[in-house]
file input06.cif (mmCIF, N, CA and C atoms)
data_work
loop_
_atom_site.label_atom_id
_atom_site.label_comp_id
_atom_site.auth_asym_id
_atom_site.auth_seq_id
_atom_site.Cartn_x
_atom_site.Cartn_y
_atom_site.Cartn_z
N MET A 1 -17.87 17.51 -8.24
CA MET A 1 -16.47 17.12 -8.18
C MET A 1 -16.25 15.91 -9.10
N HIS A 2 -15.23 15.96 -9.89
CA HIS A 2 -14.92 14.86 -10.79
C HIS A 2 -14.18 13.77 -10.03
N SER A 3 -14.25 12.54 -10.53
CA SER A 3 -13.57 11.44 -9.86
C SER A 3 -12.06 11.68 -9.86
N TRP A 4 -11.53 12.37 -10.88
CA TRP A 4 -10.10 12.66 -10.91
C TRP A 4 -9.71 13.50 -9.69
N ASP A 5 -10.56 14.46 -9.33
CA ASP A 5 -10.29 15.31 -8.17
C ASP A 5 -10.25 14.49 -6.88
N GLN A 6 -11.11 13.50 -6.81
CA GLN A 6 -11.15 12.66 -5.62
C GLN A 6 -9.92 11.77 -5.53
N MET A 7 -9.38 11.35 -6.67
CA MET A 7 -8.23 10.46 -6.68
C MET A 7 -6.91 11.21 -6.48
N LYS A 8 -6.91 12.49 -6.77
CA LYS A 8 -5.69 13.27 -6.69
C LYS A 8 -5.28 13.45 -5.22
N PRO A 9 -4.08 13.00 -4.85
CA PRO A 9 -3.67 13.12 -3.45
C PRO A 9 -3.47 14.58 -3.05
N ARG A 10 -3.82 14.89 -1.81
CA ARG A 10 -3.69 16.26 -1.32
C ARG A 10 -2.44 16.45 -0.48
N THR A 11 -1.86 15.38 0.01
CA THR A 11 -0.67 15.50 0.84
C THR A 11 0.38 14.49 0.38
N VAL A 12 1.60 14.69 0.84
CA VAL A 12 2.68 13.74 0.53
C VAL A 12 2.32 12.35 1.08
N TYR A 13 1.73 12.33 2.28
CA TYR A 13 1.32 11.07 2.88
C TYR A 13 0.32 10.34 1.99
N GLU A 14 -0.71 11.07 1.51
CA GLU A 14 -1.71 10.46 0.63
C GLU A 14 -1.08 9.96 -0.66
N LYS A 15 -0.12 10.71 -1.19
CA LYS A 15 0.58 10.30 -2.41
C LYS A 15 1.34 9.00 -2.16
N ALA A 16 2.02 8.91 -1.01
CA ALA A 16 2.75 7.69 -0.68
C ALA A 16 1.79 6.51 -0.55
N VAL A 17 0.67 6.71 0.14
CA VAL A 17 -0.32 5.63 0.30
C VAL A 17 -0.83 5.19 -1.08
N GLN A 18 -1.13 6.16 -1.93
CA GLN A 18 -1.63 5.86 -3.27
C GLN A 18 -0.59 5.06 -4.07
N ASP A 19 0.66 5.51 -4.05
CA ASP A 19 1.72 4.82 -4.79
C ASP A 19 2.00 3.44 -4.21
N PHE A 20 2.07 3.34 -2.88
CA PHE A 20 2.32 2.04 -2.24
C PHE A 20 1.18 1.07 -2.53
N THR A 21 -0.05 1.57 -2.56
CA THR A 21 -1.20 0.71 -2.84
C THR A 21 -1.10 0.15 -4.26
N GLU A 22 -0.76 1.00 -5.21
CA GLU A 22 -0.61 0.55 -6.60
C GLU A 22 0.48 -0.51 -6.70
N THR A 23 1.62 -0.26 -6.05
CA THR A 23 2.72 -1.24 -6.07
C THR A 23 2.27 -2.55 -5.43
N ALA A 24 1.59 -2.47 -4.29
CA ALA A 24 1.13 -3.67 -3.58
C ALA A 24 0.14 -4.45 -4.44
N ARG A 25 -0.76 -3.76 -5.12
CA ARG A 25 -1.73 -4.46 -5.98
C ARG A 25 -1.04 -5.16 -7.13
N GLN A 26 -0.02 -4.52 -7.70
CA GLN A 26 0.74 -5.16 -8.79
C GLN A 26 1.45 -6.40 -8.26
N LEU A 27 2.08 -6.28 -7.10
CA LEU A 27 2.78 -7.43 -6.52
C LEU A 27 1.80 -8.56 -6.19
N ALA A 28 0.62 -8.22 -5.71
CA ALA A 28 -0.38 -9.23 -5.37
C ALA A 28 -0.84 -9.98 -6.62
N ARG A 29 -0.90 -9.27 -7.75
CA ARG A 29 -1.29 -9.94 -9.00
C ARG A 29 -0.19 -10.88 -9.49
N LEU A 30 1.06 -10.50 -9.25
CA LEU A 30 2.20 -11.27 -9.77
C LEU A 30 2.64 -12.40 -8.85
N ASN A 31 2.39 -12.25 -7.56
CA ASN A 31 2.96 -13.17 -6.58
C ASN A 31 1.86 -13.68 -5.65
N GLN A 32 1.51 -14.93 -5.80
CA GLN A 32 0.45 -15.54 -5.00
C GLN A 32 0.77 -15.46 -3.51
N HIS A 33 2.05 -15.67 -3.15
CA HIS A 33 2.44 -15.66 -1.74
C HIS A 33 2.21 -14.28 -1.11
N PHE A 34 2.34 -13.24 -1.90
CA PHE A 34 2.19 -11.87 -1.39
C PHE A 34 0.84 -11.69 -0.71
N ARG A 35 -0.16 -12.38 -1.21
CA ARG A 35 -1.51 -12.22 -0.67
C ARG A 35 -1.67 -12.81 0.72
N GLN A 36 -0.76 -13.70 1.11
CA GLN A 36 -0.80 -14.29 2.46
C GLN A 36 0.37 -13.81 3.32
N ALA A 37 1.07 -12.79 2.87
CA ALA A 37 2.29 -12.33 3.55
C ALA A 37 1.99 -11.75 4.93
N SER A 38 2.92 -12.02 5.85
CA SER A 38 2.87 -11.32 7.14
C SER A 38 3.28 -9.88 6.88
N PHE A 39 3.11 -9.02 7.86
CA PHE A 39 3.49 -7.62 7.65
C PHE A 39 4.99 -7.50 7.40
N ALA A 40 5.81 -8.29 8.10
CA ALA A 40 7.27 -8.25 7.90
C ALA A 40 7.63 -8.65 6.46
N GLU A 41 6.99 -9.70 5.97
CA GLU A 41 7.23 -10.12 4.58
C GLU A 41 6.74 -9.06 3.59
N PHE A 42 5.58 -8.49 3.87
CA PHE A 42 5.01 -7.44 3.04
C PHE A 42 5.99 -6.27 2.94
N GLU A 43 6.53 -5.85 4.09
CA GLU A 43 7.48 -4.74 4.11
C GLU A 43 8.70 -5.05 3.26
N MET A 44 9.22 -6.27 3.40
CA MET A 44 10.40 -6.67 2.63
C MET A 44 10.09 -6.70 1.13
N LEU A 45 8.96 -7.29 0.77
CA LEU A 45 8.59 -7.40 -0.64
C LEU A 45 8.31 -6.03 -1.27
N MET A 46 7.79 -5.12 -0.48
CA MET A 46 7.51 -3.77 -0.98
C MET A 46 8.81 -3.01 -1.28
N GLY A 47 9.87 -3.35 -0.57
CA GLY A 47 11.16 -2.72 -0.85
C GLY A 47 11.21 -1.24 -0.53
N VAL A 48 10.47 -0.82 0.47
CA VAL A 48 10.50 0.60 0.86
C VAL A 48 11.73 0.80 1.75
N ASP A 49 12.73 1.46 1.20
CA ASP A 49 13.97 1.70 1.94
C ASP A 49 14.18 3.19 2.16
N ASP A 50 15.34 3.54 2.69
CA ASP A 50 15.62 4.95 2.98
C ASP A 50 15.56 5.81 1.73
N GLY A 51 15.96 5.25 0.59
CA GLY A 51 15.91 6.01 -0.66
C GLY A 51 14.48 6.39 -1.03
N VAL A 52 13.57 5.45 -0.84
CA VAL A 52 12.16 5.71 -1.13
C VAL A 52 11.62 6.76 -0.16
N LEU A 53 11.98 6.63 1.11
CA LEU A 53 11.51 7.59 2.11
C LEU A 53 12.01 9.00 1.79
N LYS A 54 13.26 9.11 1.35
CA LYS A 54 13.80 10.43 1.00
C LYS A 54 13.05 11.03 -0.18
N ARG A 55 12.68 10.19 -1.14
CA ARG A 55 11.96 10.69 -2.31
C ARG A 55 10.62 11.33 -1.90
N TYR A 56 9.94 10.71 -0.95
CA TYR A 56 8.66 11.27 -0.48
C TYR A 56 8.86 12.33 0.59
N GLY A 57 10.01 12.30 1.25
CA GLY A 57 10.26 13.25 2.33
C GLY A 57 9.44 12.94 3.57
N LEU A 58 9.06 11.67 3.72
CA LEU A 58 8.26 11.27 4.88
C LEU A 58 9.17 10.78 6.00
N PRO A 59 8.88 11.16 7.23
CA PRO A 59 9.60 10.56 8.35
C PRO A 59 9.25 9.07 8.43
N LYS A 60 10.16 8.29 8.95
CA LYS A 60 9.96 6.84 9.00
C LYS A 60 8.64 6.42 9.66
N PRO A 61 8.24 7.02 10.80
CA PRO A 61 6.96 6.62 11.40
C PRO A 61 5.76 6.85 10.46
N MET A 62 5.79 7.91 9.69
CA MET A 62 4.68 8.17 8.76
C MET A 62 4.70 7.16 7.62
N ALA A 63 5.88 6.83 7.13
CA ALA A 63 5.99 5.84 6.06
C ALA A 63 5.52 4.48 6.57
N GLU A 64 5.87 4.17 7.80
CA GLU A 64 5.42 2.91 8.42
C GLU A 64 3.90 2.88 8.50
N ARG A 65 3.30 3.99 8.91
CA ARG A 65 1.84 4.08 8.99
C ARG A 65 1.21 3.91 7.60
N ALA A 66 1.84 4.51 6.59
CA ALA A 66 1.33 4.37 5.22
C ALA A 66 1.38 2.91 4.79
N LEU A 67 2.48 2.22 5.11
CA LEU A 67 2.60 0.81 4.75
C LEU A 67 1.56 -0.04 5.47
N ILE A 68 1.32 0.25 6.74
CA ILE A 68 0.30 -0.49 7.50
C ILE A 68 -1.07 -0.30 6.86
N GLU A 69 -1.36 0.93 6.48
CA GLU A 69 -2.65 1.23 5.83
C GLU A 69 -2.80 0.44 4.52
N VAL A 70 -1.73 0.39 3.74
CA VAL A 70 -1.76 -0.34 2.47
C VAL A 70 -1.86 -1.84 2.73
N TYR A 71 -1.12 -2.35 3.72
CA TYR A 71 -1.17 -3.77 4.07
C TYR A 71 -2.60 -4.17 4.44
N GLU A 72 -3.24 -3.35 5.28
CA GLU A 72 -4.62 -3.64 5.69
C GLU A 72 -5.56 -3.63 4.50
N THR A 73 -5.35 -2.71 3.58
CA THR A 73 -6.23 -2.60 2.41
C THR A 73 -6.01 -3.73 1.43
N VAL A 74 -4.76 -3.96 1.06
CA VAL A 74 -4.47 -4.89 -0.04
C VAL A 74 -4.39 -6.34 0.44
N VAL A 75 -3.63 -6.61 1.50
CA VAL A 75 -3.44 -8.00 1.93
C VAL A 75 -4.58 -8.46 2.83
N LEU A 76 -4.84 -7.75 3.90
CA LEU A 76 -5.90 -8.18 4.82
C LEU A 76 -7.27 -8.06 4.17
N GLY A 77 -7.46 -7.06 3.36
CA GLY A 77 -8.73 -6.89 2.65
C GLY A 77 -9.02 -8.07 1.74
N GLN A 78 -7.98 -8.58 1.06
CA GLN A 78 -8.15 -9.75 0.20
C GLN A 78 -8.46 -10.99 1.03
N GLN A 79 -7.80 -11.10 2.19
CA GLN A 79 -8.05 -12.27 3.05
C GLN A 79 -9.49 -12.26 3.54
N ARG A 80 -9.99 -11.07 3.92
CA ARG A 80 -11.37 -10.96 4.38
C ARG A 80 -12.33 -11.36 3.26
N TYR A 81 -12.01 -10.90 2.06
CA TYR A 81 -12.86 -11.19 0.90
C TYR A 81 -12.89 -12.71 0.65
N ARG A 82 -11.71 -13.35 0.73
CA ARG A 82 -11.65 -14.80 0.51
C ARG A 82 -12.42 -15.55 1.59
N ASP A 83 -12.32 -15.08 2.82
CA ASP A 83 -13.01 -15.76 3.92
C ASP A 83 -14.52 -15.74 3.77
N HIS A 84 -15.03 -14.70 3.13
CA HIS A 84 -16.49 -14.54 2.99
C HIS A 84 -17.03 -15.03 1.66
N SER A 85 -16.16 -15.51 0.78
CA SER A 85 -16.67 -15.93 -0.54
C SER A 85 -17.04 -17.39 -0.57
#

call {"tool": "encode", "arguments": {"input": "input06.cif", "output": "structure tokens"}}
result
Amino acid sequence: MHSWDQMKPRTVYEKAVQDFTETARQLARLNQHFRQASFAEFEMLMGVDDGVLKRYGLPKPMAERALIEVYETVVLGQQRYRDHS
């Protein structure tokens, strides 16, 4: 299996997580505060609104779960890394 196959999302949910992760990583590079954001701040900074949800066709609870997954990966993951360095 090629790495491209592994990166290619298989579901709408995976696509949303992949896209949200990329957006979050870009924001983290541009905005120092983003790396220490609470989940509420993270949600606001990500700007995921009803228009975004309609584009993916995800119900709000699934989109919320995708955002939590990305928050844990990008923001909390960085905090863990900083704590151990």

call {"tool": "atom_distance", "arguments": {"input": "input06.cif", "atom1": "atom C of Gln26 in chain A", "atom2": "atom C of Glu43 in chain A"}}
result
13.7 Å

call {"tool": "closest_residue", "arguments": {"input": "input06.cif", "among": "A:Arg25, A:Tyr71, A:Ala16, A:Lys60", "to": "Phe42 in chain A", "atoms": "all atoms listed in the file"}}
result
A:Tyr71

call {"tool": "residues_near_point", "arguments": {"input": "input06.cif", "point": "(5.2, -8.1, 10.1)", "cutoff": "12 Å", "atoms": "only C-alpha atoms", "output": "ChimeraX atom specification"}}
result
/A:36-45,64,67-68,71-72,75

call {"tool": "write_last_selection", "arguments": {"input": "input06.cif", "atoms": "N, CA and C atoms", "output": "PDB file, in the coordinates of the input"}}
result
ATOM      1  N   GLN A  36      -0.760 -13.700   1.110  1.00  0.00           N
ATOM      2  CA  GLN A  36      -0.800 -14.290   2.460  1.00  0.00           C
ATOM      3  C   GLN A  36       0.370 -13.810   3.320  1.00  0.00           C
ATOM      4  N   ALA A  37       1.070 -12.790   2.870  1.00  0.00           N
ATOM      5  CA  ALA A  37       2.290 -12.330   3.550  1.00  0.00           C
ATOM      6  C   ALA A  37       1.990 -11.750   4.930  1.00  0.00           C
ATOM      7  N   SER A  38       2.920 -12.020   5.850  1.00  0.00           N
ATOM      8  CA  SER A  38       2.870 -11.320   7.140  1.00  0.00           C
ATOM      9  C   SER A  38       3.280  -9.880   6.880  1.00  0.00           C
ATOM     10  N   PHE A  39       3.110  -9.020   7.860  1.00  0.00           N
ATOM     11  CA  PHE A  39       3.490  -7.620   7.650  1.00  0.00           C
ATOM     12  C   PHE A  39       4.990  -7.500   7.400  1.00  0.00           C
ATOM     13  N   ALA A  40       5.810  -8.290   8.100  1.00  0.00           N
ATOM     14  CA  ALA A  40       7.270  -8.250   7.900  1.00  0.00           C
ATOM     15  C   ALA A  40       7.630  -8.650   6.460  1.00  0.00           C
ATOM     16  N   GLU A  41       6.990  -9.700   5.970  1.00  0.00           N
ATOM     17  CA  GLU A  41       7.230 -10.120   4.580  1.00  0.00           C
ATOM     18  C   GLU A  41       6.740  -9.060   3.590  1.00  0.00           C
ATOM     19  N   PHE A  42       5.580  -8.490   3.870  1.00  0.00           N
ATOM     20  CA  PHE A  42       5.010  -7.440   3.040  1.00  0.00           C
ATOM     21  C   PHE A  42       5.990  -6.270   2.940  1.00  0.00           C
ATOM     22  N   GLU A  43       6.530  -5.850   4.090  1.00  0.00           N
ATOM     23  CA  GLU A  43       7.480  -4.740   4.110  1.00  0.00           C
ATOM     24  C   GLU A  43       8.700  -5.050   3.260  1.00  0.00           C
ATOM     25  N   MET A  44       9.220  -6.270   3.400  1.00  0.00           N
ATOM     26  CA  MET A  44      10.400  -6.670   2.630  1.00  0.00           C
ATOM     27  C   MET A  44      10.090  -6.700   1.130  1.00  0.00           C
ATOM     28  N   LEU A  45       8.960  -7.290   0.770  1.00  0.00           N
ATOM     29  CA  LEU A  45       8.590  -7.400  -0.640  1.00  0.00           C
ATOM     30  C   LEU A  45       8.310  -6.030  -1.270  1.00  0.00           C
ATOM     31  N   GLU A  64       5.870   4.170   7.800  1.00  0.00           N
ATOM     32  CA  GLU A  64       5.420   2.910   8.420  1.00  0.00           C
ATOM     33  C   GLU A  64       3.900   2.880   8.500  1.00  0.00           C
ATOM     34  N   LEU A  67       2.480   2.220   5.110  1.00  0.00           N
ATOM     35  CA  LEU A  67       2.600   0.810   4.750  1.00  0.00           C
ATOM     36  C   LEU A  67       1.560  -0.040   5.470  1.00  0.00           C
ATOM     37  N   ILE A  68       1.320   0.250   6.740  1.00  0.00           N
ATOM     38  CA  ILE A  68       0.300  -0.490   7.500  1.00  0.00           C
ATOM     39  C   ILE A  68      -1.070  -0.300   6.860  1.00  0.00           C
ATOM     40  N   TYR A  71      -1.120  -2.350   3.720  1.00  0.00           N
ATOM     41  CA  TYR A  71      -1.170  -3.770   4.070  1.00  0.00           C
ATOM     42  C   TYR A  71      -2.600  -4.170   4.440  1.00  0.00           C
ATOM     43  N   GLU A  72      -3.240  -3.350   5.280  1.00  0.00           N
ATOM     44  CA  GLU A  72      -4.620  -3.640   5.690  1.00  0.00           C
ATOM     45  C   GLU A  72      -5.560  -3.630   4.500  1.00  0.00           C
ATOM     46  N   VAL A  75      -3.630  -6.610   1.500  1.00  0.00           N
ATOM     47  CA  VAL A  75      -3.440  -8.000   1.930  1.00  0.00           C
ATOM     48  C   VAL A  75      -4.580  -8.460   2.830  1.00  0.00           C
TER      49      VAL A  75
END

call {"tool": "closest_residue", "arguments": {"input": "input06.cif", "among": "A:Ala24, A:Met46, A:Leu58, A:Val70", "to": "Thr11 in chain A", "atoms": "only C-alpha atoms"}}
result
A:Leu58

call {"tool": "residues_around", "arguments": {"input": "input06.cif", "residues": "Tyr13 in chain A", "least_positions_apart": "2", "cutoff": "8 Å", "atoms": "all atoms listed in the file", "output": "ChimeraX atom specification"}}
result
/A:9-11,15-19,56-58,62-63,66

call {"tool": "atom_distance", "arguments": {"input": "input06.cif", "atom1": "CA of Thr73 in chain A", "atom2": "CA of Thr21 in chain A"}}
result
8.0 Å

call {"tool": "atom_distance", "arguments": {"input": "input06.cif", "atom1": "atom N of Arg35 in chain A", "atom2": "atom N of Leu76 in chain A"}}
result
8.3 Å

call {"tool": "select_by_dssp", "arguments": {"input": "input06.cif", "residues": "chain A", "states": "alpha helix (DSSP H)", "output": "compact mmCIF listing (two decimals) with N, CA and C atoms, in the frame of the given file"}}
result
# COMPACT_ATOMS: atom_id res chain seq x y z
N SER A 3 -14.25 12.54 -10.53
CA SER A 3 -13.57 11.44 -9.86
C SER A 3 -12.06 11.68 -9.86
N TRP A 4 -11.53 12.37 -10.88
CA TRP A 4 -10.10 12.66 -10.91
C TRP A 4 -9.71 13.50 -9.69
N ASP A 5 -10.56 14.46 -9.33
CA ASP A 5 -10.29 15.31 -8.17
C ASP A 5 -10.25 14.49 -6.88
N GLN A 6 -11.11 13.50 -6.81
CA GLN A 6 -11.15 12.66 -5.62
C GLN A 6 -9.92 11.77 -5.53
N MET A 7 -9.38 11.35 -6.67
CA MET A 7 -8.23 10.46 -6.68
C MET A 7 -6.91 11.21 -6.48
N VAL A 12 1.60 14.69 0.84
CA VAL A 12 2.68 13.74 0.53
C VAL A 12 2.32 12.35 1.08
N TYR A 13 1.73 12.33 2.28
CA TYR A 13 1.32 11.07 2.88
C TYR A 13 0.32 10.34 1.99
N GLU A 14 -0.71 11.07 1.51
CA GLU A 14 -1.71 10.46 0.63
C GLU A 14 -1.08 9.96 -0.66
N LYS A 15 -0.12 10.71 -1.19
CA LYS A 15 0.58 10.30 -2.41
C LYS A 15 1.34 9.00 -2.16
N ALA A 16 2.02 8.91 -1.01
CA ALA A 16 2.75 7.69 -0.68
C ALA A 16 1.79 6.51 -0.55
N VAL A 17 0.67 6.71 0.14
CA VAL A 17 -0.32 5.63 0.30
C VAL A 17 -0.83 5.19 -1.08
N GLN A 18 -1.13 6.16 -1.93
CA GLN A 18 -1.63 5.86 -3.27
C GLN A 18 -0.59 5.06 -4.07
N ASP A 19 0.66 5.51 -4.05
CA ASP A 19 1.72 4.82 -4.79
C ASP A 19 2.00 3.44 -4.21
N PHE A 20 2.07 3.34 -2.88
CA PHE A 20 2.32 2.04 -2.24
C PHE A 20 1.18 1.07 -2.53
N THR A 21 -0.05 1.57 -2.56
CA THR A 21 -1.20 0.71 -2.84
C THR A 21 -1.10 0.15 -4.26
N GLU A 22 -0.76 1.00 -5.21
CA GLU A 22 -0.61 0.55 -6.60
C GLU A 22 0.48 -0.51 -6.70
N THR A 23 1.62 -0.26 -6.05
CA THR A 23 2.72 -1.24 -6.07
C THR A 23 2.27 -2.55 -5.43
N ALA A 24 1.59 -2.47 -4.29
CA ALA A 24 1.13 -3.67 -3.58
C ALA A 24 0.14 -4.45 -4.44
N ARG A 25 -0.76 -3.76 -5.12
CA ARG A 25 -1.73 -4.46 -5.98
C ARG A 25 -1.04 -5.16 -7.13
N GLN A 26 -0.02 -4.52 -7.70
CA GLN A 26 0.74 -5.16 -8.79
C GLN A 26 1.45 -6.40 -8.26
N LEU A 27 2.08 -6.28 -7.10
CA LEU A 27 2.78 -7.43 -6.52
C LEU A 27 1.80 -8.56 -6.19
N ALA A 28 0.62 -8.22 -5.71
CA ALA A 28 -0.38 -9.23 -5.37
C ALA A 28 -0.84 -9.98 -6.62
N ARG A 29 -0.90 -9.27 -7.75
CA ARG A 29 -1.29 -9.94 -9.00
C ARG A 29 -0.19 -10.88 -9.49
N LEU A 30 1.06 -10.50 -9.25
CA LEU A 30 2.20 -11.27 -9.77
C LEU A 30 2.64 -12.40 -8.85
N PHE A 39 3.11 -9.02 7.86
CA PHE A 39 3.49 -7.62 7.65
C PHE A 39 4.99 -7.50 7.40
N ALA A 40 5.81 -8.29 8.10
CA ALA A 40 7.27 -8.25 7.90
C ALA A 40 7.63 -8.65 6.46
N GLU A 41 6.99 -9.70 5.97
CA GLU A 41 7.23 -10.12 4.58
C GLU A 41 6.74 -9.06 3.59
N PHE A 42 5.58 -8.49 3.87
CA PHE A 42 5.01 -7.44 3.04
C PHE A 42 5.99 -6.27 2.94
N GLU A 43 6.53 -5.85 4.09
CA GLU A 43 7.48 -4.74 4.11
C GLU A 43 8.70 -5.05 3.26
N MET A 44 9.22 -6.27 3.40
CA MET A 44 10.40 -6.67 2.63
C MET A 44 10.09 -6.70 1.13
N LEU A 45 8.96 -7.29 0.77
CA LEU A 45 8.59 -7.40 -0.64
C LEU A 45 8.31 -6.03 -1.27
N MET A 46 7.79 -5.12 -0.48
CA MET A 46 7.51 -3.77 -0.98
C MET A 46 8.81 -3.01 -1.28
N ASP A 50 15.34 3.54 2.69
CA ASP A 50 15.62 4.95 2.98
C ASP A 50 15.56 5.81 1.73
N GLY A 51 15.96 5.25 0.59
CA GLY A 51 15.91 6.01 -0.66
C GLY A 51 14.48 6.39 -1.03
N VAL A 52 13.57 5.45 -0.84
CA VAL A 52 12.16 5.71 -1.13
C VAL A 52 11.62 6.76 -0.16
N LEU A 53 11.98 6.63 1.11
CA LEU A 53 11.51 7.59 2.11
C LEU A 53 12.01 9.00 1.79
N LYS A 54 13.26 9.11 1.35
CA LYS A 54 13.80 10.43 1.00
C LYS A 54 13.05 11.03 -0.18
N ARG A 55 12.68 10.19 -1.14
CA ARG A 55 11.96 10.69 -2.31
C ARG A 55 10.62 11.33 -1.90
N TYR A 56 9.94 10.71 -0.95
CA TYR A 56 8.66 11.27 -0.48
C TYR A 56 8.86 12.33 0.59
N LYS A 60 10.16 8.29 8.95
CA LYS A 60 9.96 6.84 9.00
C LYS A 60 8.64 6.42 9.66
N PRO A 61 8.24 7.02 10.80
CA PRO A 61 6.96 6.62 11.40
C PRO A 61 5.76 6.85 10.46
N MET A 62 5.79 7.91 9.69
CA MET A 62 4.68 8.17 8.76
C MET A 62 4.70 7.16 7.62
N ALA A 63 5.88 6.83 7.13
CA ALA A 63 5.99 5.84 6.06
C ALA A 63 5.52 4.48 6.57
N GLU A 64 5.87 4.17 7.80
CA GLU A 64 5.42 2.91 8.42
C GLU A 64 3.90 2.88 8.50
N ARG A 65 3.30 3.99 8.91
CA ARG A 65 1.84 4.08 8.99
C ARG A 65 1.21 3.91 7.60
N ALA A 66 1.84 4.51 6.59
CA ALA A 66 1.33 4.37 5.22
C ALA A 66 1.38 2.91 4.79
N LEU A 67 2.48 2.22 5.11
CA LEU A 67 2.60 0.81 4.75
C LEU A 67 1.56 -0.04 5.47
N ILE A 68 1.32 0.25 6.74
CA ILE A 68 0.30 -0.49 7.50
C ILE A 68 -1.07 -0.30 6.86
N GLU A 69 -1.36 0.93 6.48
CA GLU A 69 -2.65 1.23 5.83
C GLU A 69 -2.80 0.44 4.52
N VAL A 70 -1.73 0.39 3.74
CA VAL A 70 -1.76 -0.34 2.47
C VAL A 70 -1.86 -1.84 2.73
N TYR A 71 -1.12 -2.35 3.72
CA TYR A 71 -1.17 -3.77 4.07
C TYR A 71 -2.60 -4.17 4.44
N GLY A 77 -7.46 -7.06 3.36
CA GLY A 77 -8.73 -6.89 2.65
C GLY A 77 -9.02 -8.07 1.74
N GLN A 78 -7.98 -8.58 1.06
CA GLN A 78 -8.15 -9.75 0.20
C GLN A 78 -8.46 -10.99 1.03
N GLN A 79 -7.80 -11.10 2.19
CA GLN A 79 -8.05 -12.27 3.05
C GLN A 79 -9.49 -12.26 3.54
N ARG A 80 -9.99 -11.07 3.92
CA ARG A 80 -11.37 -10.96 4.38
C ARG A 80 -12.33 -11.36 3.26
N TYR A 81 -12.01 -10.90 2.06
CA TYR A 81 -12.86 -11.19 0.90
C TYR A 81 -12.89 -12.71 0.65
N ARG A 82 -11.71 -13.35 0.73
CA ARG A 82 -11.65 -14.80 0.51
C ARG A 82 -12.42 -15.55 1.59
N ASP A 83 -12.32 -15.08 2.82
CA ASP A 83 -13.01 -15.76 3.92
C ASP A 83 -14.52 -15.74 3.77
N HIS A 84 -15.03 -14.70 3.13
CA HIS A 84 -16.49 -14.54 2.99
C HIS A 84 -17.03 -15.03 1.66
